[in-house]
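Asker: Before anything else, here's the structure in question.
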Amino acid sequence: MARRGKPKLAVWKFASCDGCQLSLLDLEDELLQVAGAVDIAYFLEASRARLKGPYDVSLVEGSITTPQDAQRIRDVRRQSKFLVSIGACATAGGIQALRNFRNVKEFIAQVYARPEYIDTLATSTPVADHVRVDFELRGCPINKYQLLEVLSACLAGRRPAIASESVCMECKRAGNVCVMVAHGTSCLGPVTHAGCGALCPAYDRGCYGCYGPKETPNTASLSDRLQQLGMAPRDIQRVYRTYNTYAKPFRKESKRHGS
Ligand code: SF4
Ligand code: SF4
């Protein structure tokens with residue numbers, strides 16, 4: 001039962017791998033405080049108990065890939081005061097949005113012995129393409145501390161303090177040597193949303209964009225640089241076609257380098 005006065009939290013899954021939901025359980029030190037501040041009303045990954053809506057905060061993981069999903073997300077929206085989409089699947093369609101560039105029926109015929117039983121949409125799309133979303137938290141998976149900040153902000157009725165700057169800014173603050181400048185490694189850091197703490201460049205690897213596009217990314221300029229580093233158009237296209245392939249800036253840039 002919901003205790004009077006405590007906000008109700010719901011966590012919903014659509015087409016996804018569950019990694020973003022696990023970030024909530026992975027909070028460890030803070031989880032008991034979260035559980036003390038809210039009633040976890042619906043979170044099937046953690047508990048079979050289900051409290052009826054309406055819910056104060058809904059966290060939505062996963063993309064919309066079936067007609068049933070498209071209906072269910074509208075039901076979730078109707079029951080939710082704040083709706084936050086979490087992760088690359090929910091904010092950009094996920095890796096499964098690679099289907100959006102091809103004919104999904106051909107994939108189904110290749111994968112399933114009885115394709116006629118498969119009822120799916122032609123596309124994998126972000127939650128915001130279907131319903132109003134109050135905040136989008138990026139990442140594959142999301143950063144658990146950013147999730148905590150978003151939850152705190154929702155409960156306090158303020159805007160989450162999540163900077164929309166690039167991974168490059170995190171590299172500078174961490175004192176990382178730039179992998180692209182120092183040894184010509186291709187890196188999507190200049191166009192990728194911050195939040196991971198510049199994890200890959202800290203280990204001398206280029207960023208492959210798992211946090212999706214930053215605000216107003218200059219992808220054309222980065223692609224010019226990647227070309228100067230010797231990348232073929234097909235390879236440049238591929239670097240934008242991963243977890244956040246259907247995020248508009250990455251989608252548009254990938255199409256400039258091939259179909
Ligand atoms: S964004 Fe990544 S970690 Fe999160 S559910 Fe999708 S595939 Fe899993
Ligand atoms: S791929 Fe980029 S955004 Fe993802 S963890 Fe690595 S540096 Fe961070």
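Residue numbering restarts at 1 in every chain; chains get A, B, ... in the order shown in the structure tokens, and ligands count up from 1 in that same order.
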Name the residues, by chain letter and number, that sit within 12 Å of ligand 1 using only C-alpha atoms and all ligand atoms, and give them as a JSON list (two decimals) with N, CA and C atoms, in the first residue's frame.

Answerer:
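Below is the file that was written, out29.json:
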[["chain", "number", "residue", "atom", "x", "y", "z"],
["A", 12, "TRP", "N", 8.86, 1.39, -16.18],
["A", 12, "TRP", "CA", 8.24, 0.63, -17.27],
["A", 12, "TRP", "C", 9.29, 0.17, -18.26],
["A", 13, "LYS", "N", 9.05, -1.01, -18.82],
["A", 13, "LYS", "CA", 9.98, -1.55, -19.82],
["A", 13, "LYS", "C", 9.29, -1.70, -21.17],
["A", 14, "PHE", "N", 9.95, -1.25, -22.23],
["A", 14, "PHE", "CA", 9.49, -1.50, -23.59],
["A", 14, "PHE", "C", 10.61, -2.30, -24.28],
["A", 15, "ALA", "N", 10.91, -2.06, -25.55],
["A", 15, "ALA", "CA", 11.95, -2.86, -26.23],
["A", 15, "ALA", "C", 13.33, -2.41, -25.74],
["A", 16, "SER", "N", 13.98, -3.26, -24.97],
["A", 16, "SER", "CA", 15.22, -2.86, -24.29],
["A", 16, "SER", "C", 15.90, -4.08, -23.71],
["A", 17, "CYS", "N", 17.11, -3.85, -23.15],
["A", 17, "CYS", "CA", 17.85, -4.98, -22.57],
["A", 17, "CYS", "C", 17.79, -5.01, -21.05],
["A", 18, "ASP", "N", 17.10, -4.05, -20.43],
["A", 18, "ASP", "CA", 16.95, -3.91, -18.96],
["A", 18, "ASP", "C", 18.13, -3.21, -18.29],
["A", 19, "GLY", "N", 19.19, -2.90, -19.06],
["A", 19, "GLY", "CA", 20.39, -2.32, -18.45],
["A", 19, "GLY", "C", 20.13, -0.99, -17.76],
["A", 20, "CYS", "N", 19.21, -0.21, -18.30],
["A", 20, "CYS", "CA", 18.96, 1.10, -17.68],
["A", 20, "CYS", "C", 18.17, 0.96, -16.39],
["A", 21, "GLN", "N", 17.21, 0.04, -16.36],
["A", 21, "GLN", "CA", 16.48, -0.22, -15.11],
["A", 21, "GLN", "C", 17.45, -0.69, -14.03],
["A", 22, "LEU", "N", 18.41, -1.50, -14.44],
["A", 22, "LEU", "CA", 19.37, -2.02, -13.47],
["A", 22, "LEU", "C", 20.20, -0.91, -12.85],
["A", 23, "SER", "N", 20.35, 0.21, -13.58],
["A", 23, "SER", "CA", 21.10, 1.34, -13.01],
["A", 23, "SER", "C", 20.43, 1.84, -11.73],
["A", 24, "LEU", "N", 19.10, 1.72, -11.67],
["A", 24, "LEU", "CA", 18.39, 2.14, -10.45],
["A", 24, "LEU", "C", 18.73, 1.19, -9.30],
["A", 59, "LEU", "N", 9.47, 6.24, -14.92],
["A", 59, "LEU", "CA", 10.71, 6.09, -15.69],
["A", 59, "LEU", "C", 10.41, 5.08, -16.80],
["A", 60, "VAL", "N", 10.69, 5.45, -18.04],
["A", 60, "VAL", "CA", 10.37, 4.55, -19.15],
["A", 60, "VAL", "C", 11.65, 4.15, -19.87],
["A", 61, "GLU", "N", 11.90, 2.85, -19.89],
["A", 61, "GLU", "CA", 13.05, 2.29, -20.61],
["A", 61, "GLU", "C", 12.53, 1.59, -21.87],
["A", 62, "GLY", "N", 13.27, 1.73, -22.96],
["A", 62, "GLY", "CA", 12.96, 0.96, -24.17],
["A", 62, "GLY", "C", 12.27, 1.78, -25.24],
["A", 63, "SER", "N", 12.32, 1.22, -26.46],
["A", 63, "SER", "CA", 11.74, 1.92, -27.61],
["A", 63, "SER", "C", 10.39, 1.31, -27.96],
["A", 64, "ILE", "N", 9.70, 1.98, -28.86],
["A", 64, "ILE", "CA", 8.35, 1.55, -29.26],
["A", 64, "ILE", "C", 8.48, 0.77, -30.57],
["A", 85, "SER", "N", 12.02, 9.53, -19.98],
["A", 85, "SER", "CA", 12.52, 8.40, -20.78],
["A", 85, "SER", "C", 14.00, 8.22, -20.46],
["A", 86, "ILE", "N", 14.41, 6.97, -20.24],
["A", 86, "ILE", "CA", 15.78, 6.70, -19.79],
["A", 86, "ILE", "C", 16.49, 5.78, -20.78],
["A", 87, "GLY", "N", 17.66, 6.23, -21.23],
["A", 87, "GLY", "CA", 18.52, 5.39, -22.05],
["A", 87, "GLY", "C", 18.34, 5.60, -23.55],
["A", 88, "ALA", "N", 19.32, 5.08, -24.30],
["A", 88, "ALA", "CA", 19.35, 5.27, -25.75],
["A", 88, "ALA", "C", 18.14, 4.65, -26.44],
["A", 89, "CYS", "N", 17.64, 3.53, -25.92],
["A", 89, "CYS", "CA", 16.47, 2.91, -26.55],
["A", 89, "CYS", "C", 15.27, 3.85, -26.44],
["A", 90, "ALA", "N", 15.02, 4.37, -25.24],
["A", 90, "ALA", "CA", 13.83, 5.20, -25.02],
["A", 90, "ALA", "C", 13.98, 6.60, -25.61],
["A", 91, "THR", "N", 15.21, 7.11, -25.70],
["A", 91, "THR", "CA", 15.39, 8.48, -26.19],
["A", 91, "THR", "C", 15.73, 8.54, -27.68],
["A", 92, "ALA", "N", 16.20, 7.42, -28.25],
["A", 92, "ALA", "CA", 16.63, 7.48, -29.66],
["A", 92, "ALA", "C", 16.29, 6.21, -30.45],
["A", 93, "GLY", "N", 15.51, 5.32, -29.89],
["A", 93, "GLY", "CA", 15.12, 4.10, -30.63],
["A", 93, "GLY", "C", 16.07, 2.93, -30.43],
["A", 94, "GLY", "N", 17.27, 3.19, -29.87],
["A", 94, "GLY", "CA", 18.20, 2.11, -29.56],
["A", 94, "GLY", "C", 18.85, 1.48, -30.79],
["A", 95, "ILE", "N", 19.67, 0.46, -30.53],
["A", 95, "ILE", "CA", 20.36, -0.25, -31.61],
["A", 95, "ILE", "C", 19.33, -0.90, -32.55],
["A", 96, "GLN", "N", 18.17, -1.24, -31.98],
["A", 96, "GLN", "CA", 17.12, -1.89, -32.78],
["A", 96, "GLN", "C", 16.54, -0.96, -33.84],
["A", 97, "ALA", "N", 16.85, 0.35, -33.75],
["A", 97, "ALA", "CA", 16.37, 1.29, -34.77],
["A", 97, "ALA", "C", 17.15, 1.17, -36.08],
["A", 124, "SER", "N", 11.55, 1.26, -35.06],
["A", 124, "SER", "CA", 11.77, 1.36, -33.61],
["A", 124, "SER", "C", 11.96, 2.84, -33.32],
["A", 126, "PRO", "N", 11.73, 6.47, -30.57],
["A", 126, "PRO", "CA", 11.81, 6.93, -29.19],
["A", 126, "PRO", "C", 10.43, 7.21, -28.60],
["A", 136, "GLU", "N", 14.40, 13.71, -20.97],
["A", 136, "GLU", "CA", 15.08, 12.57, -21.61],
["A", 136, "GLU", "C", 16.46, 12.42, -20.99],
["A", 137, "LEU", "N", 16.72, 11.26, -20.41],
["A", 137, "LEU", "CA", 18.04, 10.99, -19.83],
["A", 137, "LEU", "C", 18.79, 10.04, -20.75],
["A", 138, "ARG", "N", 19.93, 10.50, -21.26],
["A", 138, "ARG", "CA", 20.62, 9.74, -22.30],
["A", 138, "ARG", "C", 21.65, 8.76, -21.73],
["A", 139, "GLY", "N", 22.08, 7.84, -22.60],
["A", 139, "GLY", "CA", 23.13, 6.89, -22.22],
["A", 139, "GLY", "C", 22.74, 5.46, -22.50],
["A", 140, "CYS", "N", 23.74, 4.62, -22.70],
["A", 140, "CYS", "CA", 23.52, 3.19, -22.94],
["A", 140, "CYS", "C", 24.60, 2.40, -22.21],
["A", 141, "PRO", "N", 24.38, 2.12, -20.91],
["A", 141, "PRO", "CA", 23.20, 2.51, -20.14],
["A", 141, "PRO", "C", 23.35, 3.91, -19.56],
["A", 142, "ILE", "N", 22.29, 4.38, -18.89],
["A", 142, "ILE", "CA", 22.34, 5.69, -18.24],
["A", 142, "ILE", "C", 23.33, 5.68, -17.08],
["A", 143, "ASN", "N", 23.73, 6.89, -16.69],
["A", 143, "ASN", "CA", 24.60, 7.05, -15.52],
["A", 143, "ASN", "C", 23.71, 7.08, -14.26],
["A", 144, "LYS", "N", 24.00, 6.22, -13.30],
["A", 144, "LYS", "CA", 23.11, 6.09, -12.14],
["A", 144, "LYS", "C", 23.03, 7.38, -11.31],
["A", 209, "GLY", "N", 29.91, 7.19, -28.98],
["A", 209, "GLY", "CA", 28.63, 7.92, -28.98],
["A", 209, "GLY", "C", 27.49, 7.28, -28.23],
["A", 210, "CYS", "N", 27.78, 6.51, -27.18],
["A", 210, "CYS", "CA", 26.66, 5.78, -26.55],
["A", 210, "CYS", "C", 25.72, 6.71, -25.78],
["A", 211, "TYR", "N", 26.14, 7.96, -25.49],
["A", 211, "TYR", "CA", 25.23, 8.91, -24.83],
["A", 211, "TYR", "C", 24.43, 9.74, -25.83],
["A", 212, "GLY", "N", 24.58, 9.46, -27.11],
["A", 212, "GLY", "CA", 23.76, 10.17, -28.09],
["A", 212, "GLY", "C", 24.24, 11.59, -28.33],
["A", 242, "THR", "N", 24.89, 3.42, -34.45],
["A", 242, "THR", "CA", 25.00, 2.43, -33.36],
["A", 242, "THR", "C", 23.80, 2.64, -32.43],
["A", 243, "TYR", "N", 24.05, 2.79, -31.16],
["A", 243, "TYR", "CA", 22.96, 2.82, -30.17],
["A", 243, "TYR", "C", 21.98, 3.97, -30.36],
["A", 244, "ASN", "N", 22.47, 5.07, -30.89],
["A", 244, "ASN", "CA", 21.63, 6.26, -31.03],
["A", 244, "ASN", "C", 21.39, 6.59, -32.50],
["A", 245, "THR", "N", 21.36, 5.56, -33.33],
["A", 245, "THR", "CA", 21.30, 5.77, -34.77],
["A", 245, "THR", "C", 20.12, 6.61, -35.23]]

Asker: Could you list, as an NGL selection string, all residues that come within 12 Å of ligand 2? Count only C-alpha atoms and all ligand atoms.

Answerer: :A and (87-88 or 138-143 or 165-171 or 176 or 178-179 or 186-214 or 239-240 or 242-244)

Asker: Which residues come within 10 Å of A:Ala70, counting only C-alpha atoms, excluding same-chain residues fewer than 5 positions away, as a VMD selection string?

Answerer: chain A and resid 14 63 to 65 75 121 125 127 129 to 131

Asker: Please write the residues from the selection above to a file, keeping C-alpha atoms, as an mmCIF file, in the first residue's frame.

Answerer:
data_model
loop_
_atom_site.group_PDB
_atom_site.id
_atom_site.type_symbol
_atom_site.label_atom_id
_atom_site.label_comp_id
_atom_site.auth_asym_id
_atom_site.auth_seq_id
_atom_site.Cartn_x
_atom_site.Cartn_y
_atom_site.Cartn_z
ATOM 1 C CA PHE A 14 9.491 -1.505 -23.593
ATOM 2 C CA SER A 63 11.743 1.919 -27.613
ATOM 3 C CA ILE A 64 8.350 1.549 -29.263
ATOM 4 C CA THR A 65 8.431 -1.384 -31.680
ATOM 5 C CA ASP A 75 -1.682 4.460 -21.093
ATOM 6 C CA LEU A 121 5.957 -1.987 -36.425
ATOM 7 C CA THR A 125 11.145 4.875 -32.320
ATOM 8 C CA VAL A 127 9.106 7.428 -26.585
ATOM 9 C CA ASP A 129 7.709 10.310 -30.932
ATOM 10 C CA HIS A 130 4.535 8.949 -29.333
ATOM 11 C CA VAL A 131 3.760 10.919 -26.174
#

Asker: Do you know which residues are at most 10 Å from A:Val34 counting only C-alpha atoms, after dropping those on the same chain fewer than 4 positions away, and could you put them as a list in words?

Answerer: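 My reading of the contact set: Leu9, Leu24, Leu27, Asp29, Glu30, Val38, Asp39, Ile40, Leu148, Leu151 and Ser152 of chain A.
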
Asker: Return the single residue from A:Thr120, A:Ser221, A:Gln71, A:Ser58 that is closest to A:Asn103, with distances computed using only C-alpha atoms.

Answerer: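 Going through A:Thr120, A:Ser221, A:Gln71, A:Ser58 one by one, the smallest distance to A:Asn103 is for A:Thr120.
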
Asker: Quick check for you: according to DSSP on this backbone, which residues of stretch 133-247 of chain A are classed as alpha helix (DSSP H)? Reply as a PyMOL selection string.

Answerer: chain A and resi 144-156+167-174+179-183+199-202+219-228+233-240

Asker: Just write the chosen residues, N, CA and C atoms, as a short mmCIF file (atom, residue, chain, number, x, y, z; two decimals), in the first residue's frame.

Answerer:
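File part-v6.cif, as written:
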data_model
loop_
_atom_site.label_atom_id
_atom_site.label_comp_id
_atom_site.auth_asym_id
_atom_site.auth_seq_id
_atom_site.Cartn_x
_atom_site.Cartn_y
_atom_site.Cartn_z
N LYS A 144 24.00 6.22 -13.30
CA LYS A 144 23.11 6.09 -12.14
C LYS A 144 23.03 7.38 -11.31
N TYR A 145 24.12 8.15 -11.29
CA TYR A 145 24.07 9.40 -10.52
C TYR A 145 23.24 10.46 -11.23
N GLN A 146 23.27 10.43 -12.57
CA GLN A 146 22.37 11.34 -13.30
C GLN A 146 20.91 10.94 -13.05
N LEU A 147 20.67 9.64 -12.96
CA LEU A 147 19.31 9.18 -12.68
C LEU A 147 18.86 9.68 -11.31
N LEU A 148 19.75 9.59 -10.34
CA LEU A 148 19.43 10.07 -8.99
C LEU A 148 19.10 11.57 -9.02
N GLU A 149 19.87 12.33 -9.78
CA GLU A 149 19.63 13.77 -9.91
C GLU A 149 18.25 14.03 -10.54
N VAL A 150 17.91 13.27 -11.57
CA VAL A 150 16.61 13.47 -12.24
C VAL A 150 15.47 13.14 -11.27
N LEU A 151 15.63 12.05 -10.52
CA LEU A 151 14.59 11.68 -9.56
C LEU A 151 14.43 12.76 -8.49
N SER A 152 15.56 13.23 -7.97
CA SER A 152 15.52 14.27 -6.92
C SER A 152 14.83 15.52 -7.47
N ALA A 153 15.17 15.89 -8.72
CA ALA A 153 14.60 17.10 -9.32
C ALA A 153 13.09 16.95 -9.50
N CYS A 154 12.66 15.77 -9.97
CA CYS A 154 11.22 15.54 -10.15
C CYS A 154 10.50 15.67 -8.81
N LEU A 155 11.09 15.09 -7.78
CA LEU A 155 10.43 15.11 -6.47
C LEU A 155 10.42 16.51 -5.87
N ALA A 156 11.46 17.30 -6.20
CA ALA A 156 11.54 18.67 -5.65
C ALA A 156 10.84 19.68 -6.56
N VAL A 167 31.19 15.25 -24.52
CA VAL A 167 32.16 14.41 -23.81
C VAL A 167 33.52 15.11 -23.74
N CYS A 168 33.84 15.91 -24.76
CA CYS A 168 35.12 16.64 -24.74
C CYS A 168 35.28 17.45 -23.45
N MET A 169 34.21 18.06 -22.99
CA MET A 169 34.29 18.87 -21.76
C MET A 169 34.68 17.99 -20.57
N GLU A 170 34.15 16.78 -20.55
CA GLU A 170 34.50 15.86 -19.46
C GLU A 170 35.96 15.42 -19.56
N CYS A 171 36.44 15.25 -20.80
CA CYS A 171 37.85 14.90 -21.00
C CYS A 171 38.75 16.02 -20.45
N LYS A 172 38.38 17.25 -20.78
CA LYS A 172 39.22 18.38 -20.34
C LYS A 172 39.27 18.42 -18.82
N ARG A 173 38.10 18.28 -18.18
CA ARG A 173 38.05 18.34 -16.71
C ARG A 173 38.83 17.19 -16.08
N ALA A 174 38.83 16.02 -16.75
CA ALA A 174 39.53 14.86 -16.20
C ALA A 174 41.03 14.89 -16.50
N VAL A 179 42.43 11.88 -27.66
CA VAL A 179 42.89 10.74 -28.46
C VAL A 179 42.95 11.08 -29.94
N MET A 180 42.09 12.01 -30.38
CA MET A 180 42.06 12.37 -31.80
C MET A 180 43.25 13.26 -32.14
N VAL A 181 43.55 14.21 -31.27
CA VAL A 181 44.68 15.12 -31.52
C VAL A 181 46.01 14.38 -31.33
N ALA A 182 46.11 13.58 -30.26
CA ALA A 182 47.40 12.97 -29.92
C ALA A 182 47.78 11.83 -30.85
N HIS A 183 46.81 10.96 -31.20
CA HIS A 183 47.22 9.84 -32.07
C HIS A 183 46.21 9.50 -33.15
N LEU A 199 34.61 8.10 -20.21
CA LEU A 199 35.12 6.78 -19.86
C LEU A 199 36.10 6.21 -20.90
N CYS A 200 35.69 6.20 -22.16
CA CYS A 200 36.53 5.55 -23.18
C CYS A 200 37.84 6.30 -23.43
N PRO A 201 37.80 7.64 -23.63
CA PRO A 201 39.08 8.33 -23.82
C PRO A 201 40.03 8.18 -22.62
N ALA A 202 39.49 7.97 -21.44
CA ALA A 202 40.36 7.77 -20.28
C ALA A 202 41.20 6.50 -20.43
N THR A 219 28.07 17.87 -36.44
CA THR A 219 28.47 16.56 -36.97
C THR A 219 29.19 16.70 -38.32
N ALA A 220 28.79 17.68 -39.12
CA ALA A 220 29.43 17.84 -40.44
C ALA A 220 30.92 18.12 -40.27
N SER A 221 31.26 18.98 -39.33
CA SER A 221 32.66 19.32 -39.09
C SER A 221 33.44 18.10 -38.58
N LEU A 222 32.82 17.36 -37.67
CA LEU A 222 33.52 16.16 -37.17
C LEU A 222 33.74 15.16 -38.30
N SER A 223 32.73 15.00 -39.16
CA SER A 223 32.87 14.04 -40.28
C SER A 223 34.01 14.46 -41.20
N ASP A 224 34.17 15.77 -41.43
CA ASP A 224 35.30 16.24 -42.25
C ASP A 224 36.62 15.79 -41.64
N ARG A 225 36.69 15.91 -40.31
CA ARG A 225 37.93 15.51 -39.61
C ARG A 225 38.16 14.00 -39.72
N LEU A 226 37.08 13.24 -39.59
CA LEU A 226 37.21 11.78 -39.70
C LEU A 226 37.69 11.38 -41.10
N GLN A 227 37.21 12.13 -42.09
CA GLN A 227 37.65 11.86 -43.46
C GLN A 227 39.14 12.16 -43.61
N GLN A 228 39.57 13.29 -42.99
CA GLN A 228 41.01 13.63 -43.04
C GLN A 228 41.84 12.55 -42.37
N PRO A 233 33.66 6.92 -46.58
CA PRO A 233 32.28 7.33 -46.29
C PRO A 233 31.47 6.24 -45.59
N ARG A 234 31.61 5.01 -46.03
CA ARG A 234 30.86 3.90 -45.43
C ARG A 234 31.20 3.75 -43.93
N ASP A 235 32.47 3.94 -43.60
CA ASP A 235 32.88 3.83 -42.19
C ASP A 235 32.39 5.02 -41.37
N ILE A 236 32.40 6.20 -42.00
CA ILE A 236 31.86 7.37 -41.30
C ILE A 236 30.37 7.16 -41.03
N GLN A 237 29.67 6.62 -42.01
CA GLN A 237 28.25 6.34 -41.80
C GLN A 237 28.06 5.41 -40.61
N ARG A 238 28.90 4.39 -40.55
CA ARG A 238 28.75 3.38 -39.49
C ARG A 238 28.96 3.95 -38.09
N VAL A 239 29.85 4.93 -37.93
CA VAL A 239 30.10 5.42 -36.57
C VAL A 239 28.86 6.11 -36.00
N TYR A 240 28.00 6.63 -36.88
CA TYR A 240 26.77 7.26 -36.39
C TYR A 240 25.63 6.25 -36.24
#

Asker: Kindly indicate which residue among A:Arg48, A:Arg74, A:Lys81, A:Arg158 lies nearest to A:Lys8, using only C-alpha atoms for the distances.

Answerer: A:Lys81

Asker: Can you pull out the residues contacting A:Val133? Cut-off 7 Å, using only C-alpha atoms, and skip same-chain residues under 3 positions away; I want them as a PyMOL selection string.

Answerer: chain A and resi 83-85+128

Asker: For the residues in the current selection, export N, CA, C and O atoms as an mmCIF file, in the first residue's frame.

Answerer:
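Listing of again19.cif after writing:
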data_model
loop_
_atom_site.group_PDB
_atom_site.id
_atom_site.type_symbol
_atom_site.label_atom_id
_atom_site.label_comp_id
_atom_site.auth_asym_id
_atom_site.auth_seq_id
_atom_site.Cartn_x
_atom_site.Cartn_y
_atom_site.Cartn_z
ATOM 1 N N LEU A 83 6.912 12.106 -16.753
ATOM 2 C CA LEU A 83 7.374 10.925 -17.500
ATOM 3 C C LEU A 83 8.792 11.205 -17.985
ATOM 4 O O LEU A 83 9.032 12.188 -18.698
ATOM 5 N N VAL A 84 9.722 10.352 -17.555
ATOM 6 C CA VAL A 84 11.131 10.515 -17.924
ATOM 7 C C VAL A 84 11.534 9.305 -18.766
ATOM 8 O O VAL A 84 11.378 8.159 -18.323
ATOM 9 N N SER A 85 12.022 9.530 -19.977
ATOM 10 C CA SER A 85 12.519 8.401 -20.777
ATOM 11 C C SER A 85 13.998 8.218 -20.461
ATOM 12 O O SER A 85 14.757 9.194 -20.376
ATOM 13 N N ALA A 128 9.395 9.790 -27.121
ATOM 14 C CA ALA A 128 8.928 11.156 -27.407
ATOM 15 C C ALA A 128 8.267 11.277 -28.778
ATOM 16 O O ALA A 128 7.607 12.275 -29.043
#

Asker: Just checking: using only C-alpha atoms, which residue out of A:Gly36, A:Thr216, A:Leu25, A:Phe43 ends up closest to A:Gly5?

Answerer: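 Nearest candidate to A:Gly5 out of A:Gly36, A:Thr216, A:Leu25, A:Phe43: A:Gly36.
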
Asker: Quote the spacing between atom CA of A:Ser254 and atom CA of A:Arg241 in Å to one decimal place.

Answerer: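 Taking atom CA of A:Ser254 and atom CA of A:Arg241, their separation equals 6.8 Å.
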
Asker: Determine which residues of stretch 71-191 of chain A DSSP labels as strand (DSSP E or B) from the backbone of this structure, then write them out as a list of chain:residue names.

Answerer: A:Ser80, A:Lys81, A:Phe82, A:Leu83, A:Val84, A:Ser85, A:Ile86, A:Thr125, A:Phe135, A:Glu136, A:Leu137, A:Gly139, A:Ile142, A:Ser166
